[in-house]
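For reference, model07.cif is printed below; it contains mmCIF, N, CA and C atoms.
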data_start
#
loop_
_atom_site.label_atom_id
_atom_site.label_comp_id
_atom_site.auth_asym_id
_atom_site.auth_seq_id
_atom_site.Cartn_x
_atom_site.Cartn_y
_atom_site.Cartn_z
N MET S 1210 10.25 -11.07 10.19
CA MET S 1210 10.18 -10.34 8.94
C MET S 1210 8.82 -9.64 8.87
N LYS S 1211 8.86 -8.34 8.61
CA LYS S 1211 7.63 -7.55 8.50
C LYS S 1211 6.98 -7.78 7.14
N LYS S 1212 5.64 -7.84 7.15
CA LYS S 1212 4.88 -8.05 5.91
C LYS S 1212 4.39 -6.70 5.39
N VAL S 1213 4.63 -6.46 4.10
CA VAL S 1213 4.33 -5.18 3.47
C VAL S 1213 3.30 -5.36 2.36
N LEU S 1214 2.35 -4.45 2.30
CA LEU S 1214 1.37 -4.40 1.21
C LEU S 1214 1.60 -3.10 0.45
N LEU S 1215 1.60 -3.18 -0.86
CA LEU S 1215 1.76 -2.02 -1.74
C LEU S 1215 0.48 -1.80 -2.52
N ALA S 1216 -0.07 -0.58 -2.45
CA ALA S 1216 -1.30 -0.26 -3.19
C ALA S 1216 -1.07 0.99 -4.04
N ASP S 1217 -1.20 0.83 -5.35
CA ASP S 1217 -1.07 1.95 -6.29
C ASP S 1217 -1.78 1.57 -7.57
N ASP S 1218 -2.45 2.53 -8.17
CA ASP S 1218 -3.20 2.24 -9.39
C ASP S 1218 -2.34 2.27 -10.65
N GLU S 1219 -1.14 2.80 -10.56
CA GLU S 1219 -0.28 2.87 -11.74
C GLU S 1219 0.68 1.68 -11.77
N GLU S 1220 0.59 0.89 -12.82
CA GLU S 1220 1.40 -0.33 -12.93
C GLU S 1220 2.90 -0.03 -12.88
N ILE S 1221 3.33 1.04 -13.54
CA ILE S 1221 4.77 1.35 -13.57
C ILE S 1221 5.29 1.66 -12.16
N ILE S 1222 4.47 2.29 -11.34
CA ILE S 1222 4.86 2.58 -9.96
C ILE S 1222 4.91 1.28 -9.15
N ARG S 1223 3.89 0.45 -9.30
CA ARG S 1223 3.87 -0.84 -8.59
C ARG S 1223 5.09 -1.67 -8.95
N MET S 1224 5.39 -1.76 -10.23
CA MET S 1224 6.52 -2.57 -10.68
C MET S 1224 7.84 -1.97 -10.19
N GLY S 1225 7.96 -0.65 -10.26
CA GLY S 1225 9.19 0.02 -9.82
C GLY S 1225 9.47 -0.21 -8.36
N ILE S 1226 8.49 0.05 -7.51
CA ILE S 1226 8.69 -0.12 -6.08
C ILE S 1226 8.94 -1.58 -5.73
N SER S 1227 8.16 -2.47 -6.34
CA SER S 1227 8.28 -3.89 -5.99
C SER S 1227 9.62 -4.49 -6.42
N THR S 1228 10.22 -3.97 -7.48
CA THR S 1228 11.48 -4.55 -7.95
C THR S 1228 12.73 -3.80 -7.46
N LEU S 1229 12.61 -2.52 -7.17
CA LEU S 1229 13.79 -1.75 -6.80
C LEU S 1229 14.17 -1.82 -5.33
N ILE S 1230 13.21 -2.08 -4.49
CA ILE S 1230 13.49 -2.13 -3.05
C ILE S 1230 14.04 -3.51 -2.69
N PRO S 1231 15.17 -3.57 -1.98
CA PRO S 1231 15.75 -4.86 -1.57
C PRO S 1231 15.03 -5.39 -0.32
N TRP S 1232 13.85 -5.92 -0.52
CA TRP S 1232 12.97 -6.33 0.58
C TRP S 1232 13.68 -7.23 1.59
N ASP S 1233 14.35 -8.28 1.11
CA ASP S 1233 15.02 -9.23 2.02
C ASP S 1233 16.09 -8.56 2.87
N LYS S 1234 16.85 -7.68 2.28
CA LYS S 1234 17.92 -7.00 3.01
C LYS S 1234 17.37 -6.10 4.11
N LEU S 1235 16.14 -5.66 3.94
CA LEU S 1235 15.49 -4.79 4.93
C LEU S 1235 14.63 -5.58 5.91
N ASP S 1236 14.71 -6.90 5.81
CA ASP S 1236 13.90 -7.79 6.65
C ASP S 1236 12.40 -7.55 6.44
N LEU S 1237 12.04 -7.35 5.17
CA LEU S 1237 10.65 -7.13 4.77
C LEU S 1237 10.23 -8.16 3.74
N GLU S 1238 8.93 -8.45 3.72
CA GLU S 1238 8.38 -9.35 2.71
C GLU S 1238 7.20 -8.64 2.05
N LEU S 1239 7.26 -8.46 0.75
CA LEU S 1239 6.15 -7.85 0.00
C LEU S 1239 5.12 -8.95 -0.23
N VAL S 1240 4.02 -8.88 0.50
CA VAL S 1240 3.03 -9.97 0.48
C VAL S 1240 1.87 -9.73 -0.47
N CYS S 1241 1.64 -8.47 -0.84
CA CYS S 1241 0.51 -8.16 -1.73
C CYS S 1241 0.79 -6.88 -2.49
N ILE S 1242 0.40 -6.89 -3.77
CA ILE S 1242 0.44 -5.69 -4.61
C ILE S 1242 -0.98 -5.49 -5.11
N ALA S 1243 -1.60 -4.37 -4.72
CA ALA S 1243 -2.99 -4.11 -5.06
C ALA S 1243 -3.12 -2.91 -5.98
N GLU S 1244 -4.13 -2.95 -6.84
CA GLU S 1244 -4.37 -1.88 -7.83
C GLU S 1244 -5.17 -0.71 -7.26
N ASN S 1245 -5.84 -0.92 -6.14
CA ASN S 1245 -6.63 0.15 -5.52
C ASN S 1245 -6.82 -0.17 -4.04
N GLY S 1246 -7.38 0.78 -3.33
CA GLY S 1246 -7.56 0.62 -1.90
C GLY S 1246 -8.51 -0.49 -1.52
N GLN S 1247 -9.54 -0.70 -2.31
CA GLN S 1247 -10.51 -1.76 -1.99
C GLN S 1247 -9.87 -3.15 -2.08
N LYS S 1248 -9.08 -3.37 -3.14
CA LYS S 1248 -8.38 -4.66 -3.26
C LYS S 1248 -7.39 -4.84 -2.12
N ALA S 1249 -6.73 -3.76 -1.73
CA ALA S 1249 -5.81 -3.83 -0.60
C ALA S 1249 -6.56 -4.18 0.68
N LEU S 1250 -7.68 -3.51 0.91
CA LEU S 1250 -8.47 -3.78 2.11
C LEU S 1250 -8.97 -5.21 2.14
N ASN S 1251 -9.41 -5.72 1.00
CA ASN S 1251 -9.88 -7.11 0.94
C ASN S 1251 -8.77 -8.07 1.39
N TYR S 1252 -7.55 -7.80 0.98
CA TYR S 1252 -6.42 -8.64 1.40
C TYR S 1252 -6.17 -8.49 2.90
N ILE S 1253 -6.15 -7.25 3.36
CA ILE S 1253 -5.84 -6.95 4.75
C ILE S 1253 -6.86 -7.58 5.70
N LEU S 1254 -8.09 -7.69 5.28
CA LEU S 1254 -9.14 -8.27 6.13
C LEU S 1254 -8.92 -9.75 6.41
N THR S 1255 -8.14 -10.41 5.56
CA THR S 1255 -7.93 -11.85 5.73
C THR S 1255 -6.48 -12.24 5.97
N HIS S 1256 -5.57 -11.27 5.97
CA HIS S 1256 -4.15 -11.55 6.16
C HIS S 1256 -3.54 -10.50 7.10
N THR S 1257 -2.48 -10.87 7.74
CA THR S 1257 -1.75 -9.93 8.60
C THR S 1257 -0.78 -9.10 7.76
N VAL S 1258 -0.84 -7.80 7.93
CA VAL S 1258 0.06 -6.87 7.23
C VAL S 1258 0.62 -5.91 8.28
N ASP S 1259 1.93 -5.71 8.24
CA ASP S 1259 2.58 -4.82 9.21
C ASP S 1259 2.73 -3.39 8.69
N ILE S 1260 2.98 -3.26 7.40
CA ILE S 1260 3.22 -1.95 6.79
C ILE S 1260 2.42 -1.85 5.50
N ILE S 1261 1.75 -0.71 5.31
CA ILE S 1261 1.02 -0.45 4.06
C ILE S 1261 1.67 0.74 3.38
N ILE S 1262 2.09 0.54 2.14
CA ILE S 1262 2.58 1.64 1.30
C ILE S 1262 1.46 1.92 0.31
N THR S 1263 0.94 3.13 0.32
CA THR S 1263 -0.20 3.44 -0.54
C THR S 1263 -0.09 4.81 -1.20
N ASP S 1264 -0.63 4.88 -2.38
CA ASP S 1264 -0.79 6.14 -3.09
C ASP S 1264 -2.02 6.84 -2.52
N ILE S 1265 -2.06 8.14 -2.58
CA ILE S 1265 -3.25 8.86 -2.11
C ILE S 1265 -4.37 8.74 -3.13
N ARG S 1266 -4.07 9.00 -4.38
CA ARG S 1266 -5.12 9.04 -5.42
C ARG S 1266 -5.20 7.71 -6.15
N MET S 1267 -6.32 7.01 -5.92
CA MET S 1267 -6.59 5.74 -6.60
C MET S 1267 -8.09 5.63 -6.82
N PRO S 1268 -8.49 4.85 -7.82
CA PRO S 1268 -9.92 4.64 -8.04
C PRO S 1268 -10.50 3.69 -6.98
N VAL S 1269 -11.80 3.63 -6.91
CA VAL S 1269 -12.58 2.76 -6.04
C VAL S 1269 -12.47 3.19 -4.58
N MET S 1270 -11.30 3.05 -3.99
CA MET S 1270 -11.02 3.53 -2.63
C MET S 1270 -9.63 4.15 -2.65
N ASP S 1271 -9.54 5.42 -2.27
CA ASP S 1271 -8.22 6.06 -2.32
C ASP S 1271 -7.40 5.70 -1.08
N GLY S 1272 -6.15 6.11 -1.10
CA GLY S 1272 -5.22 5.74 -0.05
C GLY S 1272 -5.59 6.29 1.32
N LEU S 1273 -6.15 7.48 1.37
CA LEU S 1273 -6.54 8.06 2.66
C LEU S 1273 -7.73 7.31 3.25
N GLU S 1274 -8.66 6.89 2.41
CA GLU S 1274 -9.79 6.07 2.89
C GLU S 1274 -9.27 4.72 3.41
N LEU S 1275 -8.30 4.16 2.71
CA LEU S 1275 -7.70 2.90 3.14
C LEU S 1275 -7.04 3.05 4.50
N VAL S 1276 -6.26 4.09 4.69
CA VAL S 1276 -5.60 4.34 5.96
C VAL S 1276 -6.63 4.52 7.07
N GLN S 1277 -7.65 5.34 6.81
CA GLN S 1277 -8.68 5.59 7.82
C GLN S 1277 -9.40 4.30 8.22
N THR S 1278 -9.78 3.50 7.23
CA THR S 1278 -10.48 2.25 7.50
C THR S 1278 -9.60 1.29 8.31
N CYS S 1279 -8.35 1.16 7.92
CA CYS S 1279 -7.43 0.27 8.64
C CYS S 1279 -7.19 0.76 10.06
N TYR S 1280 -7.05 2.07 10.21
CA TYR S 1280 -6.83 2.64 11.53
C TYR S 1280 -8.04 2.40 12.44
N GLU S 1281 -9.24 2.68 11.92
CA GLU S 1281 -10.47 2.52 12.70
C GLU S 1281 -10.70 1.07 13.11
N ARG S 1282 -10.34 0.14 12.23
CA ARG S 1282 -10.55 -1.29 12.52
C ARG S 1282 -9.33 -1.95 13.17
N GLU S 1283 -8.30 -1.12 13.43
CA GLU S 1283 -7.06 -1.59 14.04
C GLU S 1283 -6.45 -2.76 13.26
N LEU S 1284 -6.40 -2.62 11.93
CA LEU S 1284 -5.88 -3.66 11.06
C LEU S 1284 -4.38 -3.50 10.80
N CYS S 1285 -3.88 -2.30 10.89
CA CYS S 1285 -2.47 -2.02 10.64
C CYS S 1285 -2.15 -0.68 11.27
N SER S 1286 -0.93 -0.52 11.77
CA SER S 1286 -0.60 0.73 12.43
C SER S 1286 0.55 1.49 11.78
N HIS S 1287 1.15 0.92 10.72
CA HIS S 1287 2.26 1.59 10.05
C HIS S 1287 1.91 1.82 8.58
N PHE S 1288 1.96 3.10 8.19
CA PHE S 1288 1.57 3.46 6.84
C PHE S 1288 2.63 4.36 6.22
N ILE S 1289 2.86 4.18 4.94
CA ILE S 1289 3.66 5.10 4.15
C ILE S 1289 2.73 5.59 3.05
N VAL S 1290 2.40 6.86 3.08
CA VAL S 1290 1.46 7.43 2.12
C VAL S 1290 2.25 8.27 1.12
N CYS S 1291 2.08 7.96 -0.15
CA CYS S 1291 2.85 8.60 -1.21
C CYS S 1291 1.95 9.39 -2.14
N ILE S 1292 2.48 10.48 -2.62
CA ILE S 1292 1.83 11.23 -3.68
C ILE S 1292 2.63 10.92 -4.93
N MET S 1293 2.15 9.96 -5.70
CA MET S 1293 2.89 9.51 -6.88
C MET S 1293 2.18 9.94 -8.15
N GLY S 1294 2.93 10.19 -9.16
CA GLY S 1294 2.37 10.48 -10.46
C GLY S 1294 1.88 11.91 -10.62
N LEU S 1295 2.13 12.77 -9.66
CA LEU S 1295 1.69 14.16 -9.78
C LEU S 1295 2.72 14.97 -10.54
N LYS S 1296 2.25 15.79 -11.44
CA LYS S 1296 3.15 16.66 -12.21
C LYS S 1296 3.31 17.98 -11.46
N PRO S 1297 4.52 18.52 -11.42
CA PRO S 1297 4.73 19.79 -10.72
C PRO S 1297 4.01 20.93 -11.43
N SER S 1298 3.62 21.92 -10.65
CA SER S 1298 2.96 23.10 -11.22
C SER S 1298 3.94 23.88 -12.07
N PRO S 1299 3.44 24.49 -13.16
CA PRO S 1299 4.34 25.29 -14.01
C PRO S 1299 4.79 26.56 -13.35
#
What is this file in structure tokens?
Amino acid sequence: MKKVLLADDEEIIRMGISTLIPWDKLDLELVCIAENGQKALNYILTHTVDIIITDIRMPVMDGLELVQTCYERELCSHFIVCIMGLKPSP
């Protein structure tokens, strides 16, 4: 079973993704839900994570910084980067 970490600063997005995806049916385990990239990184430094789902725009450490740090330190090799909460241009 692959271990998944979800990082997003918006609670409604975190709750939506964490509850709507059938993790068990996909042979996935949601092991951590983080409010920002730094909290996600803190978890990743002490736990094994196979897949990181992250928002790009977050406070403290954004999703791209998280991906870069994990890539450079070889902490995780699978990322899903989302642009969530953006309003379309008029």
Would you mind listing, for every residue of region 1238-1267 of chain S within 6 Å of region 1279-1292 of chain S, the two atoms forming the shortest contact and the distance between them in Å to one decimal, using all atoms listed in the file, sorted by chain and ascending residue number, as a Markdown table?
| residue | atom | partner | partner_atom | distance |
| --- | --- | --- | --- | --- |
| S:Val1258 | C | S:Cys1285 | CA | 5.5 |
| S:Asp1259 | C | S:His1287 | N | 5.0 |
| S:Ile1260 | CA | S:His1287 | C | 4.4 |
| S:Ile1261 | C | S:Ile1289 | N | 4.0 |
| S:Ile1262 | CA | S:Ile1289 | C | 4.3 |
| S:Thr1263 | C | S:Cys1291 | N | 4.0 |
| S:Asp1264 | CA | S:Cys1291 | C | 4.4 |
| S:Ile1265 | N | S:Cys1291 | C | 4.2 |
Specify as a VMD selection string each residue included when the PyMOL selection byres ((chain S and resi 1216) around 8) is applied to this file.
-> chain S and resid 1213 to 1215 1217 to 1219 1222 to 1223 1241 to 1246 1248 to 1249 1261 to 1265 1267 1272
Name the residues of chain S that come out as alpha helix (DSSP H) in a backbone DSSP run; write them as a VMD selection string.
-> chain S and resid 1220 to 1229 1246 to 1253 1272 to 1281
What is the CA of Asp1236 (chain S)-CA of Thr1257 (chain S) distance in Å, reported with one decimal?
->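 If I compute the distance from CA of Asp1236 (chain S) to CA of Thr1257 (chain S), I get 15.9 Å.
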Out of chain S, which residues get strand (DSSP E) from DSSP, as number ranges by chain?
-> S: 1211-1216, 1237-1243, 1260-1264, 1287-1291
Mind pulling up the distance from CA of Lys1211 (chain S) to atom N of Ser1227 (chain S)?
->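 That distance, rounded to one decimal, is 15.7 Å.
Once the PyMOL selection byres ((chain S and resi 1237) around 6.5) is applied to this file, the selection holds S:Met1210, S:Lys1211, S:Lys1212, S:Val1213, S:Trp1232, S:Asp1233, S:Lys1234, S:Leu1235, S:Asp1236, S:Glu1238, S:Leu1239.
Considering the residues S:Ile1226, S:Asp1271, S:Glu1220, S:Arg1266 and counting all atoms listed in the file, Gln1247 (chain S) has its shortest atom-to-atom contact with S:Asp1271.
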Straight-line distance linking CA of Pro1231 (chain S) with CA of Tyr1252 (chain S), stated in Å to one decimal =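 So the answer is 22.7 Å.
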Output requested as a short mmCIF file (atom, residue, chain, number, x, y, z; two decimals), in the frame of the given file - region 1269-1283 of chain S, filled out with N, CA, C and O atoms.
data_model
loop_
_atom_site.label_atom_id
_atom_site.label_comp_id
_atom_site.auth_asym_id
_atom_site.auth_seq_id
_atom_site.Cartn_x
_atom_site.Cartn_y
_atom_site.Cartn_z
N VAL S 1269 -11.80 3.63 -6.91
CA VAL S 1269 -12.58 2.76 -6.04
C VAL S 1269 -12.47 3.19 -4.58
O VAL S 1269 -13.43 3.62 -3.98
N MET S 1270 -11.30 3.05 -3.99
CA MET S 1270 -11.02 3.53 -2.63
C MET S 1270 -9.63 4.15 -2.65
O MET S 1270 -8.67 3.49 -3.02
N ASP S 1271 -9.54 5.42 -2.27
CA ASP S 1271 -8.22 6.06 -2.32
C ASP S 1271 -7.40 5.70 -1.08
O ASP S 1271 -7.88 5.04 -0.15
N GLY S 1272 -6.15 6.11 -1.10
CA GLY S 1272 -5.22 5.74 -0.05
C GLY S 1272 -5.59 6.29 1.32
O GLY S 1272 -5.40 5.62 2.33
N LEU S 1273 -6.15 7.48 1.37
CA LEU S 1273 -6.54 8.06 2.66
C LEU S 1273 -7.73 7.31 3.25
O LEU S 1273 -7.78 7.09 4.47
N GLU S 1274 -8.66 6.89 2.41
CA GLU S 1274 -9.79 6.07 2.89
C GLU S 1274 -9.27 4.72 3.41
O GLU S 1274 -9.76 4.21 4.42
N LEU S 1275 -8.30 4.16 2.71
CA LEU S 1275 -7.70 2.90 3.14
C LEU S 1275 -7.04 3.05 4.50
O LEU S 1275 -7.27 2.24 5.41
N VAL S 1276 -6.26 4.09 4.69
CA VAL S 1276 -5.60 4.34 5.96
C VAL S 1276 -6.63 4.52 7.07
O VAL S 1276 -6.52 3.92 8.15
N GLN S 1277 -7.65 5.34 6.81
CA GLN S 1277 -8.68 5.59 7.82
C GLN S 1277 -9.40 4.30 8.22
O GLN S 1277 -9.59 4.02 9.40
N THR S 1278 -9.78 3.50 7.23
CA THR S 1278 -10.48 2.25 7.50
C THR S 1278 -9.60 1.29 8.31
O THR S 1278 -10.06 0.70 9.29
N CYS S 1279 -8.35 1.16 7.92
CA CYS S 1279 -7.43 0.27 8.64
C CYS S 1279 -7.19 0.76 10.06
O CYS S 1279 -7.15 -0.03 11.00
N TYR S 1280 -7.05 2.07 10.21
CA TYR S 1280 -6.83 2.64 11.53
C TYR S 1280 -8.04 2.40 12.44
O TYR S 1280 -7.91 1.97 13.57
N GLU S 1281 -9.24 2.68 11.92
CA GLU S 1281 -10.47 2.52 12.70
C GLU S 1281 -10.70 1.07 13.11
O GLU S 1281 -11.18 0.79 14.20
N ARG S 1282 -10.34 0.14 12.23
CA ARG S 1282 -10.55 -1.29 12.52
C ARG S 1282 -9.33 -1.95 13.17
O ARG S 1282 -9.32 -3.14 13.41
N GLU S 1283 -8.30 -1.12 13.43
CA GLU S 1283 -7.06 -1.59 14.04
C GLU S 1283 -6.45 -2.76 13.26
O GLU S 1283 -6.01 -3.76 13.83
#
